[in-house]
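Have a look at work.cif below; it lists mmCIF, C-alpha atoms and all ligand atoms.
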data_work
loop_
_atom_site.label_atom_id
_atom_site.label_comp_id
_atom_site.auth_asym_id
_atom_site.auth_seq_id
_atom_site.Cartn_x
_atom_site.Cartn_y
_atom_site.Cartn_z
CA MET A 29 0.00 0.00 0.00
CA TYR A 30 2.88 2.39 0.69
CA ASP A 31 5.02 1.16 -2.18
CA PRO A 32 6.00 3.83 -4.71
CA LYS A 33 4.56 3.47 -8.20
CA PRO A 34 5.20 5.47 -11.38
CA GLU A 35 1.82 7.19 -11.06
CA HIS A 36 3.00 8.81 -7.82
CA LYS A 37 5.64 10.70 -9.83
CA PHE A 38 8.35 10.50 -7.18
CA THR A 39 11.62 12.00 -8.35
CA PHE A 40 15.03 12.68 -6.84
CA GLY A 41 17.93 14.78 -8.06
CA LEU A 42 21.29 13.21 -8.87
CA TRP A 43 22.59 15.57 -6.18
CA THR A 44 20.22 14.24 -3.49
CA VAL A 45 20.82 10.52 -3.07
CA GLY A 46 24.22 11.19 -4.64
CA ASN A 47 25.16 13.66 -1.88
CA PRO A 48 28.37 12.26 -0.37
CA GLY A 49 27.83 13.85 3.03
CA GLY A 50 30.35 16.70 3.07
CA ASP A 51 29.43 19.85 4.98
CA PRO A 52 31.21 23.15 5.71
CA PHE A 53 32.89 21.52 8.72
CA GLY A 54 33.78 18.09 7.43
CA TYR A 55 34.73 16.05 4.40
CA ALA A 56 32.53 13.64 2.50
CA THR A 57 31.59 10.50 4.39
CA ARG A 58 30.42 8.51 1.36
CA ARG A 59 32.07 7.55 -1.90
CA ALA A 60 30.83 9.70 -4.82
CA LEU A 61 28.52 7.64 -7.07
CA SER A 62 28.48 8.03 -10.85
CA PRO A 63 25.24 9.23 -12.47
CA VAL A 64 24.69 5.72 -13.83
CA GLU A 65 25.03 4.22 -10.35
CA ILE A 66 22.58 6.78 -8.98
CA VAL A 67 20.02 5.91 -11.64
CA HIS A 68 20.25 2.26 -10.64
CA LEU A 69 19.98 3.11 -6.95
CA LEU A 70 16.85 5.15 -7.64
CA ALA A 71 15.35 2.36 -9.70
CA GLU A 72 16.04 -0.09 -6.89
CA VAL A 73 14.13 2.02 -4.35
CA GLY A 74 11.22 2.56 -6.73
CA ALA A 75 11.53 6.19 -7.85
CA TRP A 76 9.90 7.29 -11.10
CA GLY A 77 12.32 9.95 -12.23
CA VAL A 78 15.69 11.56 -11.85
CA ASN A 79 16.56 15.25 -12.22
CA PHE A 80 19.94 16.92 -12.53
CA HIS A 81 21.99 20.08 -12.73
CA ASP A 82 24.08 20.21 -15.91
CA ASN A 83 27.26 19.51 -13.91
CA ASP A 84 25.80 16.67 -11.84
CA LEU A 85 25.85 14.82 -15.13
CA VAL A 86 28.54 16.45 -17.24
CA PRO A 87 31.53 17.94 -15.36
CA ILE A 88 32.05 21.62 -16.08
CA ASP A 89 35.38 20.93 -17.84
CA ALA A 90 34.28 17.93 -19.90
CA THR A 91 35.28 17.88 -23.57
CA PRO A 92 32.51 17.49 -26.19
CA ALA A 93 33.54 13.85 -26.68
CA GLU A 94 33.38 13.19 -22.93
CA ARG A 95 29.99 14.87 -22.77
CA ASP A 96 28.64 12.65 -25.53
CA GLN A 97 29.91 9.49 -23.83
CA ILE A 98 28.45 10.49 -20.45
CA VAL A 99 25.08 11.33 -21.99
CA LYS A 100 25.08 8.05 -23.91
CA ASP A 101 25.80 6.02 -20.75
CA PHE A 102 23.17 7.94 -18.81
CA LYS A 103 20.56 7.38 -21.51
CA GLN A 104 21.36 3.69 -21.48
CA ALA A 105 20.84 3.58 -17.70
CA LEU A 106 17.49 5.35 -18.16
CA ASP A 107 16.50 2.81 -20.83
CA GLU A 108 17.54 -0.13 -18.65
CA THR A 109 15.63 1.11 -15.62
CA GLY A 110 12.68 2.96 -17.18
CA LEU A 111 13.45 6.09 -15.17
CA VAL A 112 12.48 9.41 -16.77
CA VAL A 113 13.94 12.93 -16.53
CA PRO A 114 11.06 15.33 -15.84
CA MET A 115 13.16 18.31 -14.72
CA ALA A 116 16.60 19.78 -15.27
CA THR A 117 18.44 22.82 -13.97
CA THR A 118 21.75 24.69 -14.12
CA ASN A 119 24.49 24.79 -11.57
CA LEU A 120 25.09 28.54 -11.26
CA PHE A 121 26.57 28.43 -7.77
CA ARG A 122 29.38 25.84 -7.42
CA ASP A 123 32.09 27.29 -9.62
CA PRO A 124 34.04 30.25 -8.12
CA VAL A 125 33.18 32.29 -11.21
CA PHE A 126 29.70 32.69 -9.67
CA ARG A 127 30.98 34.08 -6.37
CA ASP A 128 29.01 37.29 -6.95
CA GLY A 129 25.98 35.62 -8.52
CA ALA A 130 25.20 34.56 -12.07
CA PHE A 131 22.39 36.51 -13.78
CA THR A 132 22.72 39.28 -11.19
CA ALA A 133 26.53 39.41 -10.97
CA ASN A 134 28.05 42.86 -11.29
CA ASP A 135 30.41 41.69 -14.01
CA PRO A 136 28.65 41.65 -17.43
CA ALA A 137 31.00 38.89 -18.61
CA VAL A 138 29.84 36.63 -15.77
CA ARG A 139 26.22 37.42 -16.61
CA ALA A 140 26.86 36.53 -20.25
CA TYR A 141 28.63 33.30 -19.25
CA ALA A 142 25.66 32.38 -17.01
CA LEU A 143 23.29 32.85 -19.94
CA GLN A 144 25.48 30.76 -22.23
CA LYS A 145 25.85 28.01 -19.60
CA THR A 146 22.09 27.95 -19.07
CA MET A 147 21.35 27.70 -22.80
CA CYS A 148 23.65 24.66 -23.04
CA ALA A 149 22.08 23.16 -19.92
CA ILE A 150 18.60 23.69 -21.33
CA ASP A 151 19.69 21.84 -24.49
CA LEU A 152 20.97 18.98 -22.34
CA GLY A 153 17.80 18.84 -20.23
CA VAL A 154 15.54 18.85 -23.27
CA GLU A 155 17.65 16.17 -24.96
CA LEU A 156 16.96 13.92 -21.97
CA GLY A 157 13.24 14.68 -21.88
CA ALA A 158 12.87 17.46 -19.30
CA LYS A 159 9.62 19.44 -19.48
CA VAL A 160 10.30 21.69 -16.50
CA TYR A 161 13.42 23.79 -16.06
CA VAL A 162 14.18 25.04 -12.56
CA PHE A 163 15.93 28.29 -11.67
CA TRP A 164 17.32 28.41 -8.18
CA GLY A 165 19.35 31.56 -7.77
CA GLY A 166 21.57 30.35 -4.96
CA ARG A 167 24.17 33.07 -5.46
CA GLU A 168 21.79 35.77 -6.69
CA GLY A 169 22.15 37.91 -3.60
CA THR A 170 24.58 39.84 -1.45
CA GLU A 171 26.61 39.87 1.70
CA THR A 172 26.73 43.65 1.63
CA ASP A 173 24.12 45.85 0.03
CA ALA A 174 26.90 48.35 -0.64
CA SER A 175 27.87 46.07 -3.54
CA LYS A 176 24.68 45.98 -5.55
CA ASN A 177 21.47 47.87 -6.06
CA PRO A 178 18.51 45.51 -5.74
CA LEU A 179 16.74 47.32 -8.59
CA ASP A 180 19.70 46.62 -10.89
CA ALA A 181 19.75 43.01 -9.71
CA GLY A 182 16.03 42.66 -10.37
CA LYS A 183 16.40 44.10 -13.85
CA ARG A 184 19.31 41.79 -14.65
CA PHE A 185 17.42 38.73 -13.44
CA ARG A 186 14.36 39.79 -15.45
CA ASP A 187 16.42 40.40 -18.60
CA ALA A 188 18.05 36.97 -18.24
CA LEU A 189 14.74 35.15 -17.90
CA ASN A 190 13.23 37.05 -20.82
CA TYR A 191 16.28 36.18 -22.90
CA LEU A 192 16.03 32.50 -22.00
CA CYS A 193 12.29 32.35 -22.68
CA ASN A 194 13.01 33.67 -26.15
CA TYR A 195 15.76 31.08 -26.55
CA VAL A 196 13.34 28.27 -25.64
CA LYS A 197 10.71 29.61 -28.04
CA ASP A 198 13.28 29.99 -30.80
CA GLN A 199 14.38 26.37 -30.39
CA GLY A 200 10.76 25.21 -30.39
CA TYR A 201 11.26 23.48 -27.02
CA GLU A 202 8.26 22.46 -24.96
CA LEU A 203 9.67 23.69 -21.69
CA LYS A 204 8.32 25.62 -18.74
CA PHE A 205 10.42 27.47 -16.19
CA ALA A 206 9.95 27.12 -12.44
CA LEU A 207 11.54 29.69 -10.11
CA GLU A 208 12.70 28.48 -6.72
CA ALA A 209 12.96 30.98 -3.86
CA LYS A 210 15.24 30.71 -0.84
CA PRO A 211 15.81 33.42 1.76
CA ASN A 212 19.55 32.91 2.37
CA GLU A 213 22.39 30.38 2.18
CA PRO A 214 24.79 30.33 0.51
CA ARG A 215 24.49 34.15 0.23
CA SER A 216 23.73 36.19 3.31
CA ASP A 217 20.57 37.35 1.56
CA ILE A 218 19.14 35.99 -1.67
CA TYR A 219 16.91 38.18 -3.84
CA LEU A 220 13.23 37.25 -4.17
CA PRO A 221 13.40 35.28 -0.92
CA THR A 222 9.98 33.63 -0.83
CA THR A 223 7.57 31.91 -3.18
CA GLY A 224 5.23 34.87 -2.80
CA ALA A 225 7.99 37.23 -3.95
CA MET A 226 8.61 35.00 -6.98
CA LEU A 227 4.93 35.02 -7.87
CA GLY A 228 4.92 38.81 -7.89
CA PHE A 229 8.10 38.93 -9.95
CA ILE A 230 6.78 36.53 -12.61
CA GLU A 231 4.08 39.01 -13.54
CA THR A 232 6.78 41.52 -14.52
CA LEU A 233 8.31 39.17 -17.12
CA ASP A 234 7.68 39.14 -20.86
CA TYR A 235 6.22 35.61 -20.95
CA PRO A 236 4.57 35.04 -17.58
CA GLU A 237 2.63 32.09 -18.97
CA MET A 238 5.86 30.13 -19.42
CA ILE A 239 6.97 30.67 -15.86
CA GLY A 240 5.81 29.22 -12.56
CA VAL A 241 7.39 28.36 -9.23
CA ASN A 242 9.18 25.49 -7.54
CA PRO A 243 8.49 26.01 -3.84
CA GLU A 244 10.65 24.09 -1.36
CA VAL A 245 9.58 23.08 2.14
CA ALA A 246 12.95 23.88 3.71
CA HIS A 247 13.21 27.30 2.14
CA GLU A 248 9.89 28.60 3.46
CA HIS A 249 10.59 26.97 6.82
CA MET A 250 13.97 28.71 7.02
CA ALA A 251 11.98 31.94 6.78
CA GLY A 252 9.54 30.70 9.43
CA LEU A 253 6.64 30.60 6.98
CA ASN A 254 3.76 28.20 6.44
CA PHE A 255 4.81 26.20 3.40
CA MET A 256 1.35 24.91 2.56
CA HIS A 257 0.03 28.46 2.36
CA ALA A 258 2.77 29.37 -0.13
CA VAL A 259 1.94 26.29 -2.20
CA ALA A 260 -1.75 27.17 -2.10
CA GLN A 261 -1.05 30.67 -3.39
CA ALA A 262 1.05 29.23 -6.20
CA TRP A 263 -1.66 26.72 -7.06
CA ASP A 264 -4.34 29.41 -7.03
CA ALA A 265 -2.25 31.44 -9.49
CA GLY A 266 -1.87 28.41 -11.79
CA LYS A 267 1.87 28.51 -11.10
CA LEU A 268 2.66 25.30 -9.22
CA PHE A 269 4.87 23.78 -11.93
CA HIS A 270 7.10 21.74 -9.61
CA ILE A 271 7.72 21.16 -5.89
CA ASP A 272 10.79 20.41 -3.76
CA LEU A 273 9.92 18.21 -0.81
CA ASN A 274 12.18 17.82 2.20
CA ASP A 275 12.05 18.91 5.83
CA GLN A 276 13.61 21.44 8.11
CA LYS A 277 13.31 23.03 11.52
CA PHE A 278 12.33 26.70 11.47
CA GLY A 279 15.10 29.26 11.42
CA ARG A 280 17.99 26.83 10.86
CA TYR A 281 20.57 26.48 8.13
CA ASP A 282 19.41 24.53 5.07
CA GLN A 283 18.96 21.08 6.59
CA ASP A 284 17.45 19.21 3.62
CA PHE A 285 16.10 16.42 5.80
CA ARG A 286 14.08 13.44 4.63
CA PHE A 287 10.49 14.44 3.82
CA GLY A 288 8.39 14.38 6.99
CA ALA A 289 11.40 13.90 9.26
CA GLU A 290 10.72 16.99 11.37
CA MET A 291 7.32 18.62 10.99
CA ILE A 292 4.80 15.89 10.44
CA LYS A 293 1.75 18.09 10.83
CA GLN A 294 2.95 20.56 8.20
CA ALA A 295 3.86 17.67 5.91
CA PHE A 296 0.40 16.22 6.40
CA TYR A 297 -1.43 19.42 5.47
CA LEU A 298 0.85 19.80 2.48
CA VAL A 299 0.22 16.30 1.14
CA LYS A 300 -3.48 16.69 1.84
CA PHE A 301 -3.49 19.94 -0.11
CA LEU A 302 -1.63 18.48 -3.12
CA GLU A 303 -3.85 15.41 -3.23
CA ASP A 304 -7.12 17.28 -2.63
CA VAL A 305 -6.53 19.76 -5.45
CA GLY A 306 -5.19 17.07 -7.80
CA TYR A 307 -1.66 18.39 -8.34
CA GLU A 308 -0.25 16.35 -11.23
CA GLY A 309 3.39 17.38 -11.31
CA SER A 310 6.45 15.62 -9.95
CA ARG A 311 6.82 15.01 -6.23
CA HIS A 312 10.49 15.83 -6.18
CA PHE A 313 12.56 15.13 -3.07
CA ASP A 314 15.28 17.74 -2.77
CA ALA A 315 16.79 16.27 0.36
CA HIS A 316 19.74 14.21 1.38
CA ALA A 317 20.57 11.54 3.92
CA TYR A 318 22.24 12.27 7.24
CA ARG A 319 26.00 12.52 7.09
CA THR A 320 26.15 9.37 9.20
CA ALA A 321 24.47 7.26 6.52
CA ASP A 322 26.15 4.67 4.32
CA TYR A 323 24.51 3.79 0.99
CA ASP A 324 22.22 1.20 2.60
CA ASP A 325 20.97 3.95 4.85
CA VAL A 326 20.75 6.35 1.89
CA LYS A 327 18.31 3.89 0.33
CA GLU A 328 16.35 3.90 3.59
CA PHE A 329 16.33 7.69 3.37
CA ALA A 330 14.95 7.63 -0.19
CA ARG A 331 12.37 4.96 0.58
CA GLY A 332 11.42 6.92 3.68
CA CYS A 333 10.67 10.10 1.71
CA MET A 334 8.26 8.26 -0.58
CA ARG A 335 6.76 6.05 2.09
CA THR A 336 6.00 9.00 4.38
CA TYR A 337 4.37 10.82 1.48
CA LEU A 338 2.13 7.82 0.79
CA ILE A 339 1.33 7.32 4.48
CA LEU A 340 0.30 10.97 4.72
CA LYS A 341 -1.74 10.60 1.55
CA GLU A 342 -3.61 7.74 3.17
CA LYS A 343 -4.06 9.85 6.33
CA ALA A 344 -5.53 12.61 4.17
CA GLN A 345 -8.03 10.13 2.74
CA ARG A 346 -8.92 9.10 6.30
CA PHE A 347 -9.34 12.74 7.30
CA ASN A 348 -11.68 13.28 4.36
CA ALA A 349 -13.67 10.13 5.24
CA ASP A 350 -13.77 10.64 9.02
CA GLY A 351 -17.39 11.16 10.04
CA GLU A 352 -16.66 13.15 13.17
CA ILE A 353 -14.10 15.41 11.52
CA GLN A 354 -16.31 16.03 8.54
CA ALA A 355 -19.34 16.73 10.73
CA LEU A 356 -17.32 19.33 12.64
CA LEU A 357 -16.19 20.88 9.38
CA SER A 358 -19.66 21.05 8.00
CA ASP A 359 -20.94 22.71 11.22
CA ILE A 360 -18.07 25.19 11.11
CA ASN A 361 -18.83 26.01 7.47
CA ALA A 362 -22.62 25.95 7.79
CA ASP A 363 -24.33 28.47 5.51
CA ASP A 364 -28.10 28.98 5.39
CA GLY A 365 -27.80 31.19 2.31
CA THR A 366 -28.80 34.42 4.06
CA TYR A 367 -25.81 36.25 2.59
CA GLY A 368 -25.92 34.54 -0.79
CA PHE A 369 -26.71 37.91 -2.37
CA LEU A 370 -23.03 38.81 -1.87
CA ASP A 371 -21.81 35.91 -3.99
CA ALA A 372 -22.57 37.72 -7.24
CA GLY A 373 -20.19 40.50 -6.21
CA TYR A 374 -20.81 44.17 -5.87
CA SER A 375 -23.92 45.94 -7.09
CA ALA A 376 -25.52 49.13 -5.81
CA GLN A 377 -28.50 47.05 -4.79
CA SER A 378 -26.50 44.48 -2.82
CA ALA A 379 -24.57 47.30 -1.14
CA GLN A 380 -27.86 48.81 -0.01
CA GLN A 381 -29.12 45.42 1.16
CA LEU A 382 -25.88 44.95 3.14
CA ARG A 383 -26.19 48.38 4.76
CA ASP A 384 -29.69 47.55 5.92
CA ILE A 385 -28.69 44.49 7.93
CA ASN A 386 -28.40 44.92 11.65
CA PHE A 387 -25.59 42.54 12.68
CA ASP A 388 -25.68 41.10 16.18
CA ARG A 389 -21.99 40.86 17.06
CA GLN A 390 -22.65 38.98 20.26
CA GLN A 391 -24.66 36.35 18.50
CA LEU A 392 -21.97 36.01 15.82
CA THR A 393 -19.33 35.62 18.49
CA SER A 394 -21.27 32.93 20.29
CA LYS A 395 -21.16 30.58 17.33
CA LYS A 396 -19.15 27.48 18.23
CA LEU A 397 -15.76 27.06 16.61
CA PRO A 398 -14.45 23.82 18.12
CA TYR A 399 -11.02 24.02 16.57
CA GLU A 400 -9.39 22.47 19.64
CA ARG A 401 -11.51 19.37 19.14
CA LEU A 402 -10.82 19.37 15.42
CA ASP A 403 -7.09 19.70 15.88
CA GLN A 404 -6.98 16.98 18.54
CA LEU A 405 -8.86 14.62 16.23
CA THR A 406 -6.35 15.43 13.49
CA VAL A 407 -3.44 14.78 15.84
CA GLU A 408 -4.96 11.46 16.93
CA LEU A 409 -5.46 10.50 13.31
CA LEU A 410 -1.83 11.29 12.61
CA LEU A 411 -0.67 9.43 15.70
CA GLY A 412 -2.48 6.35 14.47
CA VAL A 413 -5.05 5.91 17.21
CA ARG A 414 -7.90 6.95 14.96
C1 LIG B 1 19.35 24.30 -2.34
C2 LIG B 1 18.36 24.21 -3.45
C3 LIG B 1 18.83 23.39 -4.61
C4 LIG B 1 17.95 23.55 -5.82
C5 LIG B 1 18.57 22.90 -6.99
C6 LIG B 1 17.68 22.87 -8.19
O1 LIG B 1 18.95 24.73 -1.27
O2 LIG B 1 20.52 23.95 -2.54
O3 LIG B 1 17.18 23.71 -2.94
O4 LIG B 1 18.90 22.05 -4.22
O5 LIG B 1 16.68 23.02 -5.62
O6 LIG B 1 19.74 23.62 -7.30
O7 LIG B 1 17.69 24.07 -8.81
MN MN B 2 17.15 23.72 -0.73
MN MN B 3 15.50 22.91 -3.97
#
In structure tokens, what does this structure look like?
Amino acid sequence: MYDPKPEHKFTFGLWTVGNPGGDPFGYATRRALSPVEIVHLLAEVGAWGVNFHDNDLVPIDATPAERDQIVKDFKQALDETGLVVPMATTNLFRDPVFRDGAFTANDPAVRAYALQKTMCAIDLGVELGAKVYVFWGGREGTETDASKNPLDAGKRFRDALNYLCNYVKDQGYELKFALEAKPNEPRSDIYLPTTGAMLGFIETLDYPEMIGVNPEVAHEHMAGLNFMHAVAQAWDAGKLFHIDLNDQKFGRYDQDFRFGAEMIKQAFYLVKFLEDVGYEGSRHFDAHAYRTADYDDVKEFARGCMRTYLILKEKAQRFNADGEIQALLSDINADDGTYGFLDAGYSAQSAQQLRDINFDRQQLTSKKLPYERLDQLTVELLLGVR
């Protein structure tokens, strides 16, 4: 029942299960796996797809011949395992050339290089079947605001995305962009720090219809925000093109924990939201195993991400089928139609009708809102005693 199937659209990045466990204080604890090995590992645990940054697959200094061989081997691994590549992205943060950002760097040569690198990476992604292209601007920010005007940075980022949309159109690619916000790390501050900020920014671009968002649990949690609310806003705007699932305590560094490892309640409401609205995109796990893990434990990590998602999906079905919970919800939302005249929106007549009502605030306040009961039932459902 909790076994992953292709229809669940579970994906991982090469950089996730392939993360060798290094951190700013210590070296890698696991041997680096090749992309082909990672594809086989993901197939073994039951994932549907694999995503990558250009340089997860092809090293930044590879010759054209090396690139072709790597891509050939990778394609063969995909064929052998049946894994697909739904999303691709560019590494615009690892190489020292991006120390001041990529599209927003002060040096025009770096900005041009970032555009060129992204065009090549888009070609690579499309060649392997990607339909969504993610932009995470990890270095698009500052340590000191003396160095850069945020209006200039915004213009540069906008110009870059407009340029790349035109490139995609010109090539005739069927590709959508998904912008991923993060408040900080690795820069002290990253521009457009939340999903909500990205949604506002998209409307200033030349081809807003090509561009959506890729919200990540950890990133909104780092900012202390309610992730499900951000996802709901993106969904409402028709912009939920992709999602990065992981987990994270509030206010910490970027922990990238296994999905559901920390904040089960938030994870539950998120899964319930995605399943209730019928989100059809990838469920991408942008997480990695603890540094203590060996590759057996990395597989447990990957299985755990998917299994927890499916357990929470089943809990959401239970929530929706729970007589007591649903009765409470229908009482809470009871509507005898008295104010139905407002549903059609404003008219002079409805405004007059509204003015004429004498509201009894005390009576309104005395209506029962048993949210304590509702929350306790939800907690008991999650704890498995219901
Ligand atoms: C992070 C980000 C990245 C991006 C990835 C895809 O915090 O490092 O979440 O993992 O998702 O670069 O663009
Ligand atoms: Mn992240
Ligand atoms: Mn991410």
Check which residues of chain A sit at most 7 Å from ligand MN 2 (chain B) using only C-alpha atoms and all ligand atoms, and return one row each with the closest pair of atoms and their distance in Å to one decimal, ordered by chain and rising number, as CSV.
residue,atom,partner,partner_atom,distance
A:Glu244,CA,B:MN2,MN,6.5
A:Ala246,CA,B:MN2,MN,6.1
A:His247,CA,B:MN2,MN,6.0
A:Asp282,CA,B:MN2,MN,6.3
A:Asp284,CA,B:MN2,MN,6.3
A:Asp314,CA,B:MN2,MN,6.6
(message) One decimal, in Å: what's the spacing between atom CA of A:Pro214 and atom C4 of ligand LIG 1 (chain B)?
(response)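 These two atoms are separated by 11.5 Å.
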Spatial neighbours of A:Ser62, 12 Å, all atoms listed in the file, chain gap at least 6 places, as a PDB file with C-alpha atoms, in the frame of the given file:
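After the write, around32.pdb holds the following:
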ATOM      1  CA  LEU A  42      21.290  13.210  -8.870  1.00  0.00           C
ATOM      2  CA  TRP A  43      22.590  15.570  -6.180  1.00  0.00           C
ATOM      3  CA  VAL A  45      20.820  10.520  -3.070  1.00  0.00           C
ATOM      4  CA  GLY A  46      24.220  11.190  -4.640  1.00  0.00           C
ATOM      5  CA  ASN A  47      25.160  13.660  -1.880  1.00  0.00           C
ATOM      6  CA  PRO A  48      28.370  12.260  -0.370  1.00  0.00           C
ATOM      7  CA  HIS A  68      20.250   2.260 -10.640  1.00  0.00           C
ATOM      8  CA  LEU A  69      19.980   3.110  -6.950  1.00  0.00           C
ATOM      9  CA  ASN A  83      27.260  19.510 -13.910  1.00  0.00           C
ATOM     10  CA  ASP A  84      25.800  16.670 -11.840  1.00  0.00           C
ATOM     11  CA  LEU A  85      25.850  14.820 -15.130  1.00  0.00           C
ATOM     12  CA  VAL A  86      28.540  16.450 -17.240  1.00  0.00           C
ATOM     13  CA  PRO A  87      31.530  17.940 -15.360  1.00  0.00           C
ATOM     14  CA  ILE A  98      28.450  10.490 -20.450  1.00  0.00           C
ATOM     15  CA  ASP A 101      25.800   6.020 -20.750  1.00  0.00           C
ATOM     16  CA  PHE A 102      23.170   7.940 -18.810  1.00  0.00           C
ATOM     17  CA  ALA A 105      20.840   3.580 -17.700  1.00  0.00           C
TER      18      ALA A 105
END
Within 10 Å of ligand LIG 1 (chain B): each chain A residue with its shortest pair, all atoms listed in the file, as a Markdown table:
| residue | atom | partner | partner_atom | distance |
| --- | --- | --- | --- | --- |
| A:Gly41 | CA | B:LIG1 | C6 | 8.1 |
| A:Trp43 | CA | B:LIG1 | O4 | 7.7 |
| A:Thr44 | CA | B:LIG1 | O4 | 8.0 |
| A:Asn79 | CA | B:LIG1 | C6 | 8.7 |
| A:Phe80 | CA | B:LIG1 | C6 | 7.7 |
| A:His81 | CA | B:LIG1 | C6 | 6.9 |
| A:Met115 | CA | B:LIG1 | C6 | 9.2 |
| A:Ala116 | CA | B:LIG1 | C6 | 7.8 |
| A:Thr117 | CA | B:LIG1 | O7 | 5.4 |
| A:Thr118 | CA | B:LIG1 | O7 | 6.7 |
| A:Asn119 | CA | B:LIG1 | O6 | 6.5 |
| A:Leu120 | CA | B:LIG1 | O6 | 8.3 |
| A:Phe121 | CA | B:LIG1 | O6 | 8.4 |
| A:Arg122 | CA | B:LIG1 | O6 | 9.9 |
| A:Tyr161 | CA | B:LIG1 | O7 | 8.4 |
| A:Val162 | CA | B:LIG1 | O7 | 5.2 |
| A:Phe163 | CA | B:LIG1 | O7 | 5.4 |
| A:Trp164 | CA | B:LIG1 | O7 | 4.4 |
| A:Gly165 | CA | B:LIG1 | O7 | 7.7 |
| A:Gly166 | CA | B:LIG1 | O2 | 6.9 |
| A:Ala206 | CA | B:LIG1 | O7 | 9.1 |
| A:Leu207 | CA | B:LIG1 | O7 | 8.4 |
| A:Glu208 | CA | B:LIG1 | O5 | 6.8 |
| A:Ala209 | CA | B:LIG1 | O3 | 8.5 |
| A:Lys210 | CA | B:LIG1 | O1 | 7.1 |
| A:Pro211 | CA | B:LIG1 | O1 | 9.7 |
| A:Asn212 | CA | B:LIG1 | O1 | 9.0 |
| A:Glu213 | CA | B:LIG1 | O1 | 7.5 |
| A:Pro214 | CA | B:LIG1 | O2 | 8.3 |
| A:Asn242 | CA | B:LIG1 | O5 | 8.1 |
| A:Pro243 | CA | B:LIG1 | O5 | 8.9 |
| A:Glu244 | CA | B:LIG1 | O3 | 6.7 |
| A:Val245 | CA | B:LIG1 | O3 | 9.2 |
| A:Ala246 | CA | B:LIG1 | O1 | 7.8 |
| A:His247 | CA | B:LIG1 | O1 | 7.2 |
| A:Ile271 | CA | B:LIG1 | O5 | 9.2 |
| A:Asp272 | CA | B:LIG1 | O5 | 6.7 |
| A:Leu273 | CA | B:LIG1 | O3 | 9.4 |
| A:Asn274 | CA | B:LIG1 | O3 | 9.3 |
| A:Tyr281 | CA | B:LIG1 | O1 | 9.7 |
| A:Asp282 | CA | B:LIG1 | O1 | 6.4 |
| A:Gln283 | CA | B:LIG1 | O1 | 8.7 |
| A:Asp284 | CA | B:LIG1 | O1 | 7.5 |
| A:His312 | CA | B:LIG1 | O5 | 9.5 |
| A:Phe313 | CA | B:LIG1 | O5 | 9.3 |
| A:Asp314 | CA | B:LIG1 | O4 | 5.8 |
| A:Ala315 | CA | B:LIG1 | O4 | 7.7 |
| A:His316 | CA | B:LIG1 | O4 | 9.7 |
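Among the candidate residues A:Ile150, A:Glu342, A:Val241, A:Lys145, the one lying nearest to ligand MN 3 (chain B) is A:Val241, with distances computed using only C-alpha atoms and all ligand atoms.
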(message) Just checking: using all atoms listed in the file, which residue out of A:Tyr30, A:Ile360, A:Met147, A:Phe269 ends up closest to A:Asn194?
(response)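 The closest residue to A:Asn194 is A:Met147.
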Enclose the full set of atoms of stretch 266-276 of chain A listed in the file within a box whose edges lie along x, y and z, apply 8 Å of padding to each of the six sides, and report centre and edge lengths in Å to one decimal as AutoDock Vina command-line options.
--center_x 5.9 --center_y 23.2 --center_z -1.9 --size_x 31.5 --size_y 26.7 --size_z 36.0
(message) Set the distance at 7 Å and use all atoms listed in the file: which residues neighbour stretch 323-334 of chain A once local chain neighbours fewer than 5 positions away are removed? I'd like the list as a PyMOL selection string.
(response) chain A and resi 32+38+45+73+286-287+317
(request) Determine, counting all atoms listed in the file, which protein, DNA and RNA residues have an atom within 9 Å of an atom of A:Gly110; residues of the same chain fewer than 3 positions away are not included. Present the result as a VMD selection string. (result) chain A and resid 71 76 to 77 105 to 107
(request) Considering all atoms listed in the file, return as JSON, numbers by chain whatever protein or nucleic-acid residues lie within 12 Å of A:Gln380, sequence-local ones (same chain, fewer than 6 positions apart) excluded. (result) {"A": [369, 370, 374]}
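A cut-off of 6 Å from the point (9.5, 38.2, -13.9), with only C-alpha atoms, picks out the residues Arg186, Phe229, Ile230, Glu231, Thr232 and Leu233 of chain A.
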(request) Would you work out the distance separating atom CA of A:Asp217 from atom CA of A:Ala174, expressed in Å to one decimal? (result)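 Going from atom CA of A:Asp217 over to atom CA of A:Ala174 covers 12.9 Å.
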(request) For atom CA of A:Arg184 and atom CA of A:Phe131, determine how far apart the two atoms are, in Å to one decimal place. (result) 6.2 Å
(message) Here is a test: counting only C-alpha atoms and all ligand atoms, which residue of A:Arg127, A:Asn190, A:Pro92, A:Arg311 is nearest to ligand MN 3 (chain B)?
(response)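 Answer, going by the shortest atom-to-atom distance: A:Arg311.
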(message) I'd like the contact shell of A:Gly49 - 7 Å cut-off, only C-alpha atoms, skipping same-chain residues fewer than 5 positions apart - returned as a ChimeraX atom specification.
(response) /A:56-58,319
(message) Taking all atoms listed in the file into account, name the residue in A:Glu248, A:Lys343, A:Phe126, A:Phe301 that is nearest to ligand MN 3 (chain B).
(response)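 Nearest candidate to ligand MN 3 (chain B) out of A:Glu248, A:Lys343, A:Phe126, A:Phe301: A:Glu248.
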